[in-house]
Amino acid sequence: MRAPVRVALLVWLLNDAATHQFTEDETAGIRQRIKSMFYHAYNSYLDNAFPYDELRPLTCDGQDTWGSFSLTLIDALDTLLILGNHTEFQRVASLLQDTVDFDIDVNASVFETNIRVVGGLLSAHLLAGRAGMELEPGWPCSGPLLRMAEDAARKLLPAFQTATGMPYGTVNLLNGVSPTETPVTCTAGVGTFILEFAMLSRLTGDETFENAARRALRALWKTRSDIGLVGNHIDILSKKWVAQDAGIGAGVDSYFEYLVKGAIMLQDEELLTMFLEYDRAIQNYTRFDDWYLWVQMHKGTVSMPVFQSLEAFWPGLQSLLGNLDSAVRTFQNYYSVWRQFGGLPEFYSIPQGYTVDKREGYPLRPELIESAMYLFRATGDHTYLQLGLDALESIERIAKTPCGYATVKDLRDHQLDNRMESFFLAETVKYLYLLFDPAHFLHGGGSEGDGSWEEGGESGECVLGAGGFIFNTEAHPLDPAALYCCSRHAQDQQELQDILLSLSQPAGKSSRQSKPPAKQTDGPLPGQSESIALKPGEKKTPPLLTCPVQPFRSRLSVLGQVFTDNN
């Protein structure tokens, strides 16, 4: 096993010694190439595949894959805004409102519908103001894209109605869970909901979604083995593990991702504690020479000495926790595989240093590019830009067709498959672009929208767009500031505000009394349209301006959240 590792590190060191330093003009030129890649794929989908879910780039037609709701268009919507195309964002947002219907007799993946559809609509909703769309009063607590996201998520809730709280893997959008539906689902299919469902609950005031996600997480947490690991597939009714391979790749990956990102977005110690306990077991049992193998969840013995391409998200996740040394070394291993094949095969045998039979494909996945983006942000090392350029040129050379980009069926001879997954536009192109645009507003910079703050909330006192965006596992950015804009947290915000005011006032002087929280309603706010879009001629009502009652730094403290002993 060690020989391929030493070779990989030697190759890395030799290349790293002469890492090219990219100029601003070079990165600007690469961004234009990435935009051209996006529009070649996007326009091909519109011309040949819409309203189907995905483009078939070899036959130039479309197919439904995950649910028959124009999935590629939903997945690509926020990418349009990120690339600066406000006009097309507005057009597509309106088009989706008119054409997408979730009240259909279709069996849909609960996991995929959540990360691609609910996540994509929530992200687009939160970016709608930056795109210049007409906003309803009270945005981001209301809006047509938010109602679409809520409608889609509500179709998934029947899957969570189990004795354990862990969801089924598939649900019929019209009829709910089939009586014959299998109770076996993957670990990620249980633990990858907290970002979207918590955001949805905080924006709508309906706690049902967040409660369902948390119940599933806590149930899954209780099933870990005596050595602290979880397997790959579980029976959600009996809570017995059907596949007992433990690792960080396919079937498990986004569960760990959401524990970390959920802890950051929600400032939640419970989620962070869960991940840190898992991480200790992962480092102890699955890590070998900065590779992560698959082991038996109860014994810790190696069951599959392979690297899976989906594992390439891990260095980026480590960087969010500050574990840079480990992240960099693991990334070096993964990048050596990319250089060997011009892409990451789905499975790579670490002892043999080659692909695994029938797992030689590369469906244009984003995970290594995603980690490169995080690590470049953390280190400024231009090696990660070189990976981005390598990825861009490999995809252009190997996967480009007259009408899109095709999955690489076999990286050994570059055979292509007739499919372009929606995540190519949602994730791969997006992370590539953001890697080469360190000044982008999603990074807290000033390009593509000037990074301006936005006013929002039911009382117009909420600041959005100030930075700290969290990407869901489909690369849809969510603004954490939106969590604290709406009525569900009005009382909590007021209580924190009163505490800060009381601390800043002289002793013996009483602080003003808290106002009662805004009354919760099930329907639209006053003056808000019942329809998906604003009525013809209807204009949003701007909130009344109010004078600040405390210094600006205190107002930021009120809007922010911190860990406390009793949090």
# chains A, B, ... in the order shown; residues from 1 in each chain; ligands from 1
>>> residues_around(residues="stretch 421-428 of chain A", least_positions_apart="5", cutoff="10 Å", atoms="only C-alpha atoms", output="PyMOL selection string")
chain A and resi 37-39+41-42+45+53-56+65+70-80+116+120+363-370+391-392+405-407+433+471+473-476
>>> residues_around(residues="A:Arg280", least_positions_apart="6", cutoff="10 Å", atoms="only C-alpha atoms", output="list in words")
Ile227, Gly228 and Leu229 of chain A
>>> write_last_selection(atoms="N, CA, C and O atoms", output="PDB file, in the first residue's frame")
ATOM      1  N   ILE A 227     -17.286   1.069  18.652  1.00  0.00           N
ATOM      2  CA  ILE A 227     -16.040   1.805  18.384  1.00  0.00           C
ATOM      3  C   ILE A 227     -16.322   3.149  17.708  1.00  0.00           C
ATOM      4  O   ILE A 227     -15.397   3.819  17.238  1.00  0.00           O
ATOM      5  N   GLY A 228     -17.598   3.540  17.657  1.00  0.00           N
ATOM      6  CA  GLY A 228     -17.947   4.894  17.229  1.00  0.00           C
ATOM      7  C   GLY A 228     -18.164   5.103  15.758  1.00  0.00           C
ATOM      8  O   GLY A 228     -18.166   6.249  15.289  1.00  0.00           O
ATOM      9  N   LEU A 229     -18.379   4.035  14.984  1.00  0.00           N
ATOM     10  CA  LEU A 229     -18.552   4.166  13.540  1.00  0.00           C
ATOM     11  C   LEU A 229     -19.980   3.829  13.126  1.00  0.00           C
ATOM     12  O   LEU A 229     -20.719   3.169  13.859  1.00  0.00           O
TER      13      LEU A 229
END
>>> closest_residue(among="A:Leu276, A:Ala153, A:Leu385, A:Leu442", to="A:Glu26", atoms="only C-alpha atoms")
A:Leu385
>>> residues_around(residues="A:Tyr168", least_positions_apart="2", cutoff="12 Å", atoms="only C-alpha atoms", output="mmCIF file with all heavy atoms, in the first residue's frame")
data_model
loop_
_atom_site.group_PDB
_atom_site.id
_atom_site.type_symbol
_atom_site.label_atom_id
_atom_site.label_comp_id
_atom_site.auth_asym_id
_atom_site.auth_seq_id
_atom_site.Cartn_x
_atom_site.Cartn_y
_atom_site.Cartn_z
ATOM 1 N N ASN A 107 -42.468 8.725 -8.249
ATOM 2 C CA ASN A 107 -41.622 8.273 -7.146
ATOM 3 C C ASN A 107 -40.309 9.049 -7.197
ATOM 4 O O ASN A 107 -39.613 9.043 -8.221
ATOM 5 C CB ASN A 107 -41.350 6.776 -7.255
ATOM 6 C CG ASN A 107 -42.600 5.948 -7.043
ATOM 7 O OD1 ASN A 107 -43.456 6.302 -6.239
ATOM 8 N ND2 ASN A 107 -42.717 4.847 -7.777
ATOM 9 N N ALA A 108 -39.997 9.721 -6.108
ATOM 10 C CA ALA A 108 -38.816 10.585 -6.080
ATOM 11 C C ALA A 108 -37.906 10.209 -4.921
ATOM 12 O O ALA A 108 -38.367 9.797 -3.850
ATOM 13 C CB ALA A 108 -39.233 12.054 -5.958
ATOM 14 N N SER A 109 -36.612 10.362 -5.128
ATOM 15 C CA SER A 109 -35.635 10.167 -4.061
ATOM 16 C C SER A 109 -35.786 11.286 -3.039
ATOM 17 O O SER A 109 -35.743 12.478 -3.386
ATOM 18 C CB SER A 109 -34.216 10.176 -4.640
ATOM 19 O OG SER A 109 -33.254 10.349 -3.610
ATOM 20 N N VAL A 110 -35.974 10.922 -1.794
ATOM 21 C CA VAL A 110 -36.116 11.922 -0.732
ATOM 22 C C VAL A 110 -34.821 12.723 -0.598
ATOM 23 O O VAL A 110 -34.841 13.955 -0.504
ATOM 24 C CB VAL A 110 -36.478 11.238 0.603
ATOM 25 C CG1 VAL A 110 -36.616 12.263 1.730
ATOM 26 C CG2 VAL A 110 -37.774 10.442 0.458
ATOM 27 N N PHE A 111 -33.696 12.039 -0.629
ATOM 28 C CA PHE A 111 -32.382 12.677 -0.508
ATOM 29 C C PHE A 111 -32.121 13.636 -1.668
ATOM 30 O O PHE A 111 -31.804 14.814 -1.465
ATOM 31 C CB PHE A 111 -31.310 11.588 -0.453
ATOM 32 C CG PHE A 111 -29.901 12.084 -0.579
ATOM 33 C CD1 PHE A 111 -29.210 12.562 0.520
ATOM 34 C CD2 PHE A 111 -29.247 12.050 -1.804
ATOM 35 C CE1 PHE A 111 -27.899 13.007 0.405
ATOM 36 C CE2 PHE A 111 -27.942 12.499 -1.936
ATOM 37 C CZ PHE A 111 -27.263 12.973 -0.825
ATOM 38 N N LEU A 156 -42.025 15.573 0.952
ATOM 39 C CA LEU A 156 -41.070 14.607 1.474
ATOM 40 C C LEU A 156 -41.398 14.164 2.895
ATOM 41 O O LEU A 156 -40.917 13.115 3.348
ATOM 42 C CB LEU A 156 -39.651 15.199 1.456
ATOM 43 C CG LEU A 156 -39.139 15.739 0.112
ATOM 44 C CD1 LEU A 156 -37.726 16.266 0.279
ATOM 45 C CD2 LEU A 156 -39.195 14.676 -0.973
ATOM 46 N N LEU A 157 -42.191 14.938 3.613
ATOM 47 C CA LEU A 157 -42.445 14.662 5.027
ATOM 48 C C LEU A 157 -43.049 13.288 5.308
ATOM 49 O O LEU A 157 -42.727 12.683 6.342
ATOM 50 C CB LEU A 157 -43.332 15.760 5.624
ATOM 51 C CG LEU A 157 -42.661 17.124 5.834
ATOM 52 C CD1 LEU A 157 -43.657 18.122 6.410
ATOM 53 C CD2 LEU A 157 -41.443 17.001 6.750
ATOM 54 N N PRO A 158 -43.935 12.735 4.452
ATOM 55 C CA PRO A 158 -44.443 11.394 4.748
ATOM 56 C C PRO A 158 -43.347 10.347 4.922
ATOM 57 O O PRO A 158 -43.536 9.368 5.650
ATOM 58 C CB PRO A 158 -45.326 11.083 3.524
ATOM 59 C CG PRO A 158 -45.795 12.417 3.056
ATOM 60 C CD PRO A 158 -44.625 13.335 3.279
ATOM 61 N N ALA A 159 -42.208 10.548 4.285
ATOM 62 C CA ALA A 159 -41.113 9.595 4.418
ATOM 63 C C ALA A 159 -40.561 9.562 5.844
ATOM 64 O O ALA A 159 -39.969 8.553 6.261
ATOM 65 C CB ALA A 159 -39.995 9.933 3.432
ATOM 66 N N PHE A 160 -40.737 10.648 6.589
ATOM 67 C CA PHE A 160 -40.198 10.743 7.947
ATOM 68 C C PHE A 160 -41.169 10.199 9.002
ATOM 69 O O PHE A 160 -40.824 10.148 10.184
ATOM 70 C CB PHE A 160 -39.867 12.203 8.278
ATOM 71 C CG PHE A 160 -38.681 12.750 7.526
ATOM 72 C CD1 PHE A 160 -38.822 13.219 6.222
ATOM 73 C CD2 PHE A 160 -37.426 12.804 8.118
ATOM 74 C CE1 PHE A 160 -37.735 13.726 5.531
ATOM 75 C CE2 PHE A 160 -36.338 13.314 7.438
ATOM 76 C CZ PHE A 160 -36.490 13.768 6.138
ATOM 77 N N GLN A 161 -42.350 9.837 8.570
ATOM 78 C CA GLN A 161 -43.361 9.367 9.527
ATOM 79 C C GLN A 161 -43.151 7.886 9.826
ATOM 80 O O GLN A 161 -43.923 7.005 9.439
ATOM 81 C CB GLN A 161 -44.761 9.648 8.971
ATOM 82 C CG GLN A 161 -45.055 11.134 8.842
ATOM 83 C CD GLN A 161 -46.344 11.434 8.091
ATOM 84 O OE1 GLN A 161 -47.064 10.520 7.693
ATOM 85 N NE2 GLN A 161 -46.637 12.705 7.887
ATOM 86 N N THR A 162 -42.072 7.602 10.539
ATOM 87 C CA THR A 162 -41.705 6.244 10.927
ATOM 88 C C THR A 162 -41.535 6.198 12.439
ATOM 89 O O THR A 162 -41.378 7.232 13.099
ATOM 90 C CB THR A 162 -40.392 5.823 10.258
ATOM 91 O OG1 THR A 162 -39.328 6.674 10.738
ATOM 92 C CG2 THR A 162 -40.472 5.913 8.749
ATOM 93 N N ALA A 163 -41.525 5.010 12.987
ATOM 94 C CA ALA A 163 -41.385 4.854 14.437
ATOM 95 C C ALA A 163 -40.037 5.364 14.931
ATOM 96 O O ALA A 163 -39.917 5.837 16.063
ATOM 97 C CB ALA A 163 -41.567 3.385 14.814
ATOM 98 N N THR A 164 -39.020 5.272 14.084
ATOM 99 C CA THR A 164 -37.683 5.708 14.486
ATOM 100 C C THR A 164 -37.411 7.174 14.172
ATOM 101 O O THR A 164 -36.499 7.771 14.748
ATOM 102 C CB THR A 164 -36.615 4.861 13.770
ATOM 103 O OG1 THR A 164 -36.717 5.093 12.351
ATOM 104 C CG2 THR A 164 -36.805 3.386 14.056
ATOM 105 N N GLY A 165 -38.172 7.739 13.227
ATOM 106 C CA GLY A 165 -37.897 9.091 12.769
ATOM 107 C C GLY A 165 -36.953 9.137 11.591
ATOM 108 O O GLY A 165 -36.782 10.188 10.966
ATOM 109 N N MET A 166 -36.326 8.014 11.275
ATOM 110 C CA MET A 166 -35.449 7.956 10.105
ATOM 111 C C MET A 166 -36.301 7.765 8.853
ATOM 112 O O MET A 166 -37.231 6.952 8.861
ATOM 113 C CB MET A 166 -34.427 6.830 10.253
ATOM 114 C CG MET A 166 -33.425 7.075 11.367
ATOM 115 S SD MET A 166 -32.061 5.873 11.428
ATOM 116 C CE MET A 166 -32.891 4.459 12.160
ATOM 117 N N THR A 170 -37.425 6.654 -0.622
ATOM 118 C CA THR A 170 -38.232 7.071 -1.767
ATOM 119 C C THR A 170 -39.641 7.402 -1.309
ATOM 120 O O THR A 170 -40.175 6.765 -0.398
ATOM 121 C CB THR A 170 -38.292 5.948 -2.821
ATOM 122 O OG1 THR A 170 -36.958 5.612 -3.219
ATOM 123 C CG2 THR A 170 -39.073 6.375 -4.049
ATOM 124 N N VAL A 171 -40.233 8.405 -1.929
ATOM 125 C CA VAL A 171 -41.600 8.788 -1.616
ATOM 126 C C VAL A 171 -42.318 9.126 -2.917
ATOM 127 O O VAL A 171 -41.704 9.652 -3.855
ATOM 128 C CB VAL A 171 -41.632 9.995 -0.642
ATOM 129 C CG1 VAL A 171 -41.089 11.255 -1.312
ATOM 130 C CG2 VAL A 171 -43.039 10.236 -0.101
ATOM 131 N N ASN A 172 -43.593 8.797 -2.995
ATOM 132 C CA ASN A 172 -44.395 9.216 -4.132
ATOM 133 C C ASN A 172 -44.932 10.613 -3.828
ATOM 134 O O ASN A 172 -45.554 10.834 -2.790
ATOM 135 C CB ASN A 172 -45.553 8.240 -4.368
ATOM 136 C CG ASN A 172 -46.354 8.578 -5.612
ATOM 137 O OD1 ASN A 172 -47.193 9.496 -5.589
ATOM 138 N ND2 ASN A 172 -46.120 7.852 -6.697
ATOM 139 N N GLY A 176 -47.548 9.608 -1.222
ATOM 140 C CA GLY A 176 -46.760 9.307 -0.041
ATOM 141 C C GLY A 176 -45.934 8.046 -0.216
ATOM 142 O O GLY A 176 -45.600 7.626 -1.327
ATOM 143 N N VAL A 177 -45.606 7.381 0.908
ATOM 144 C CA VAL A 177 -44.741 6.201 0.874
ATOM 145 C C VAL A 177 -45.556 4.973 0.492
ATOM 146 O O VAL A 177 -46.616 4.710 1.073
ATOM 147 C CB VAL A 177 -44.057 5.987 2.238
ATOM 148 C CG1 VAL A 177 -43.211 4.712 2.215
ATOM 149 C CG2 VAL A 177 -43.204 7.193 2.603
ATOM 150 N N SER A 178 -45.056 4.222 -0.470
ATOM 151 C CA SER A 178 -45.734 2.993 -0.893
ATOM 152 C C SER A 178 -45.665 1.944 0.216
ATOM 153 O O SER A 178 -44.641 1.829 0.907
ATOM 154 C CB SER A 178 -45.067 2.443 -2.156
ATOM 155 O OG SER A 178 -45.509 1.133 -2.428
ATOM 156 N N PRO A 179 -46.724 1.157 0.405
ATOM 157 C CA PRO A 179 -46.687 0.081 1.409
ATOM 158 C C PRO A 179 -45.595 -0.948 1.143
ATOM 159 O O PRO A 179 -45.170 -1.657 2.062
ATOM 160 C CB PRO A 179 -48.076 -0.557 1.292
ATOM 161 C CG PRO A 179 -48.935 0.496 0.673
ATOM 162 C CD PRO A 179 -48.042 1.272 -0.242
ATOM 163 N N THR A 180 -45.122 -1.027 -0.096
ATOM 164 C CA THR A 180 -44.087 -1.999 -0.444
ATOM 165 C C THR A 180 -42.689 -1.380 -0.475
ATOM 166 O O THR A 180 -41.731 -2.044 -0.876
ATOM 167 C CB THR A 180 -44.387 -2.625 -1.812
ATOM 168 O OG1 THR A 180 -44.411 -1.589 -2.817
ATOM 169 C CG2 THR A 180 -45.727 -3.341 -1.802
ATOM 170 N N GLU A 181 -42.570 -0.130 -0.061
ATOM 171 C CA GLU A 181 -41.272 0.542 -0.103
ATOM 172 C C GLU A 181 -40.274 -0.144 0.838
ATOM 173 O O GLU A 181 -40.590 -0.466 1.981
ATOM 174 C CB GLU A 181 -41.423 2.013 0.292
ATOM 175 C CG GLU A 181 -40.122 2.809 0.371
ATOM 176 C CD GLU A 181 -39.408 2.894 -0.967
ATOM 177 O OE1 GLU A 181 -40.085 2.841 -2.019
ATOM 178 O OE2 GLU A 181 -38.164 3.016 -0.957
ATOM 179 N N THR A 182 -39.048 -0.337 0.365
ATOM 180 C CA THR A 182 -38.023 -0.957 1.192
ATOM 181 C C THR A 182 -37.636 -0.044 2.359
ATOM 182 O O THR A 182 -37.531 1.182 2.184
ATOM 183 C CB THR A 182 -36.761 -1.287 0.366
ATOM 184 O OG1 THR A 182 -35.756 -1.798 1.253
ATOM 185 C CG2 THR A 182 -36.212 -0.052 -0.330
ATOM 186 N N PRO A 183 -37.419 -0.608 3.538
ATOM 187 C CA PRO A 183 -36.996 0.212 4.681
ATOM 188 C C PRO A 183 -35.481 0.435 4.709
ATOM 189 O O PRO A 183 -34.981 1.094 5.619
ATOM 190 C CB PRO A 183 -37.441 -0.622 5.887
ATOM 191 C CG PRO A 183 -37.345 -2.030 5.412
ATOM 192 C CD PRO A 183 -37.716 -2.003 3.939
ATOM 193 N N VAL A 184 -34.751 -0.104 3.745
ATOM 194 C CA VAL A 184 -33.293 0.028 3.728
ATOM 195 C C VAL A 184 -32.899 1.275 2.948
ATOM 196 O O VAL A 184 -33.324 1.466 1.799
ATOM 197 C CB VAL A 184 -32.636 -1.213 3.100
ATOM 198 C CG1 VAL A 184 -31.116 -1.031 3.021
ATOM 199 C CG2 VAL A 184 -32.976 -2.453 3.909
ATOM 200 N N THR A 185 -32.105 2.126 3.562
ATOM 201 C CA THR A 185 -31.627 3.335 2.890
ATOM 202 C C THR A 185 -30.201 3.606 3.337
ATOM 203 O O THR A 185 -29.713 3.029 4.319
ATOM 204 C CB THR A 185 -32.533 4.544 3.196
ATOM 205 O OG1 THR A 185 -32.177 5.636 2.342
ATOM 206 C CG2 THR A 185 -32.382 4.997 4.649
ATOM 207 N N CYS A 186 -29.523 4.480 2.616
ATOM 208 C CA CYS A 186 -28.128 4.765 2.958
ATOM 209 C C CYS A 186 -28.056 5.758 4.116
ATOM 210 O O CYS A 186 -29.007 6.472 4.416
ATOM 211 C CB CYS A 186 -27.369 5.296 1.745
ATOM 212 S SG CYS A 186 -27.897 6.910 1.164
ATOM 213 N N THR A 187 -26.903 5.806 4.745
ATOM 214 C CA THR A 187 -26.692 6.667 5.908
ATOM 215 C C THR A 187 -26.900 8.137 5.551
ATOM 216 O O THR A 187 -27.535 8.889 6.297
ATOM 217 C CB THR A 187 -25.270 6.447 6.447
ATOM 218 O OG1 THR A 187 -25.061 5.045 6.655
ATOM 219 C CG2 THR A 187 -25.058 7.193 7.749
ATOM 220 N N ALA A 188 -26.368 8.548 4.411
ATOM 221 C CA ALA A 188 -26.548 9.931 3.974
ATOM 222 C C ALA A 188 -28.013 10.256 3.731
ATOM 223 O O ALA A 188 -28.453 11.392 3.930
ATOM 224 C CB ALA A 188 -25.742 10.202 2.711
ATOM 225 N N GLY A 189 -28.786 9.245 3.310
ATOM 226 C CA GLY A 189 -30.217 9.446 3.088
ATOM 227 C C GLY A 189 -30.999 9.687 4.354
ATOM 228 O O GLY A 189 -32.156 10.115 4.303
ATOM 229 N N VAL A 190 -30.389 9.429 5.501
ATOM 230 C CA VAL A 190 -31.020 9.718 6.792
ATOM 231 C C VAL A 190 -30.528 11.047 7.359
ATOM 232 O O VAL A 190 -31.298 11.815 7.929
ATOM 233 C CB VAL A 190 -30.732 8.581 7.803
ATOM 234 C CG1 VAL A 190 -31.281 8.927 9.187
ATOM 235 C CG2 VAL A 190 -31.326 7.265 7.314
ATOM 236 N N GLY A 191 -29.239 11.338 7.148
ATOM 237 C CA GLY A 191 -28.625 12.459 7.856
ATOM 238 C C GLY A 191 -28.295 13.685 7.046
ATOM 239 O O GLY A 191 -27.471 14.503 7.475
ATOM 240 N N ALA A 216 -34.299 12.580 12.955
ATOM 241 C CA ALA A 216 -33.576 11.597 12.145
ATOM 242 C C ALA A 216 -32.100 11.554 12.536
ATOM 243 O O ALA A 216 -31.507 10.470 12.666
ATOM 244 C CB ALA A 216 -33.729 11.921 10.663
ATOM 245 N N HIS A 233 -25.532 1.277 4.907
ATOM 246 C CA HIS A 233 -26.981 1.180 4.698
ATOM 247 C C HIS A 233 -27.640 0.621 5.959
ATOM 248 O O HIS A 233 -27.098 -0.291 6.590
ATOM 249 C CB HIS A 233 -27.307 0.272 3.507
ATOM 250 C CG HIS A 233 -27.156 0.957 2.180
ATOM 251 N ND1 HIS A 233 -25.936 1.237 1.620
ATOM 252 C CD2 HIS A 233 -28.090 1.431 1.306
ATOM 253 C CE1 HIS A 233 -26.119 1.849 0.462
ATOM 254 N NE2 HIS A 233 -27.402 1.984 0.241
ATOM 255 N N ILE A 234 -28.796 1.179 6.285
ATOM 256 C CA ILE A 234 -29.478 0.812 7.516
ATOM 257 C C ILE A 234 -30.951 0.541 7.244
ATOM 258 O O ILE A 234 -31.555 1.154 6.343
ATOM 259 C CB ILE A 234 -29.326 1.941 8.572
ATOM 260 C CG1 ILE A 234 -29.809 1.475 9.954
ATOM 261 C CG2 ILE A 234 -30.038 3.209 8.132
ATOM 262 C CD1 ILE A 234 -29.480 2.448 11.066
ATOM 263 N N ASP A 235 -31.525 -0.371 8.001
ATOM 264 C CA ASP A 235 -32.973 -0.607 7.989
ATOM 265 C C ASP A 235 -33.577 0.410 8.952
ATOM 266 O O ASP A 235 -33.354 0.338 10.162
ATOM 267 C CB ASP A 235 -33.281 -2.038 8.434
ATOM 268 C CG ASP A 235 -34.764 -2.380 8.328
ATOM 269 O OD1 ASP A 235 -35.600 -1.569 8.761
ATOM 270 O OD2 ASP A 235 -35.087 -3.481 7.830
ATOM 271 N N ILE A 236 -34.335 1.345 8.428
ATOM 272 C CA ILE A 236 -34.823 2.462 9.243
ATOM 273 C C ILE A 236 -35.906 2.041 10.230
ATOM 274 O O ILE A 236 -36.213 2.792 11.170
ATOM 275 C CB ILE A 236 -35.359 3.601 8.356
ATOM 276 C CG1 ILE A 236 -36.519 3.094 7.493
ATOM 277 C CG2 ILE A 236 -34.238 4.199 7.514
ATOM 278 C CD1 ILE A 236 -37.509 4.114 7.107
ATOM 279 N N LEU A 237 -36.490 0.874 10.042
ATOM 280 C CA LEU A 237 -37.533 0.413 10.961
ATOM 281 C C LEU A 237 -36.950 -0.410 12.105
ATOM 282 O O LEU A 237 -37.287 -0.208 13.269
ATOM 283 C CB LEU A 237 -38.575 -0.410 10.190
ATOM 284 C CG LEU A 237 -39.301 0.331 9.062
ATOM 285 C CD1 LEU A 237 -40.349 -0.569 8.420
ATOM 286 C CD2 LEU A 237 -39.947 1.623 9.573
#
>>> residues_around(residues="A:Cys141", least_positions_apart="3", cutoff="6 Å", atoms="only C-alpha atoms", output="number ranges by chain")
A: 138, 203, 486
>>> select_by_dssp(residues="stretch 347-455 of chain A", states="helix (DSSP H, G or I)", output="count of residues only")
45
>>> residues_around(residues="A:Val295", least_positions_apart="2", cutoff="8 Å", atoms="only C-alpha atoms", output="MDAnalysis selection string")
chainID A and resid 245:247 285:286 293 297 299:304
>>> select_by_dssp(residues="stretch 244-297 of chain A", states="strand (DSSP E)", output="PyMOL selection string")
chain A and resi 245-246+287-288+291-292+294-296
>>> closest_atom_pairs(of="stretch 210-262 of chain A", to="stretch 308-311 of chain A", cutoff="12 Å", atoms="only C-alpha atoms", output="tab-separated table")
residue	atom	partner	partner_atom	distance
A:Gly247	CA	A:Glu311	CA	8.8
A:Ile248	CA	A:Glu311	CA	5.9
A:Gly249	CA	A:Glu311	CA	4.5
A:Ala250	CA	A:Leu310	CA	5.9
A:Gly251	CA	A:Leu310	CA	9.3
A:Val252	CA	A:Glu311	CA	9.5
A:Asp253	CA	A:Glu311	CA	6.8
A:Ser254	CA	A:Leu310	CA	9.5
A:Phe256	CA	A:Glu311	CA	11.1
A:Glu257	CA	A:Glu311	CA	10.9
>>> write_last_selection(atoms="N, CA and C atoms", output="PDB file, in the first residue's frame")
ATOM      1  N   GLY A 247     -16.900   4.280   6.312  1.00  0.00           N
ATOM      2  CA  GLY A 247     -15.937   5.122   5.603  1.00  0.00           C
ATOM      3  C   GLY A 247     -16.483   6.529   5.479  1.00  0.00           C
ATOM      4  N   ILE A 248     -15.871   7.312   4.589  1.00  0.00           N
ATOM      5  CA  ILE A 248     -16.308   8.694   4.415  1.00  0.00           C
ATOM      6  C   ILE A 248     -16.858   8.936   3.013  1.00  0.00           C
ATOM      7  N   GLY A 249     -17.026   7.877   2.231  1.00  0.00           N
ATOM      8  CA  GLY A 249     -17.416   8.042   0.835  1.00  0.00           C
ATOM      9  C   GLY A 249     -18.883   7.798   0.562  1.00  0.00           C
ATOM     10  N   ALA A 250     -19.170   7.176  -0.580  1.00  0.00           N
ATOM     11  CA  ALA A 250     -20.537   7.033  -1.087  1.00  0.00           C
ATOM     12  C   ALA A 250     -21.457   6.401  -0.055  1.00  0.00           C
ATOM     13  N   GLY A 251     -22.616   6.999   0.108  1.00  0.00           N
ATOM     14  CA  GLY A 251     -23.622   6.502   1.026  1.00  0.00           C
ATOM     15  C   GLY A 251     -23.514   7.070   2.426  1.00  0.00           C
ATOM     16  N   VAL A 252     -22.375   7.706   2.743  1.00  0.00           N
ATOM     17  CA  VAL A 252     -22.147   8.243   4.090  1.00  0.00           C
ATOM     18  C   VAL A 252     -21.747   9.710   4.047  1.00  0.00           C
ATOM     19  N   ASP A 253     -21.034  10.110   3.000  1.00  0.00           N
ATOM     20  CA  ASP A 253     -20.307  11.376   2.916  1.00  0.00           C
ATOM     21  C   ASP A 253     -21.048  12.598   3.439  1.00  0.00           C
ATOM     22  N   SER A 254     -22.222  12.886   2.890  1.00  0.00           N
ATOM     23  CA  SER A 254     -22.901  14.142   3.230  1.00  0.00           C
ATOM     24  C   SER A 254     -23.493  14.141   4.636  1.00  0.00           C
ATOM     25  N   PHE A 256     -21.701  13.322   7.337  1.00  0.00           N
ATOM     26  CA  PHE A 256     -20.649  14.010   8.083  1.00  0.00           C
ATOM     27  C   PHE A 256     -20.568  15.486   7.682  1.00  0.00           C
ATOM     28  N   GLU A 257     -20.735  15.741   6.396  1.00  0.00           N
ATOM     29  CA  GLU A 257     -20.700  17.124   5.901  1.00  0.00           C
ATOM     30  C   GLU A 257     -21.760  17.979   6.591  1.00  0.00           C
TER      31      GLU A 257
END
>>> closest_residue(among="A:Thr23, A:Phe69, A:Leu432, A:Pro480", to="A:Thr99", atoms="only C-alpha atoms")
A:Phe69
>>> closest_residue(among="A:Gln332, A:Val429, A:Tyr484, A:Ile398", to="A:Gln267", atoms="only C-alpha atoms")
A:Tyr484
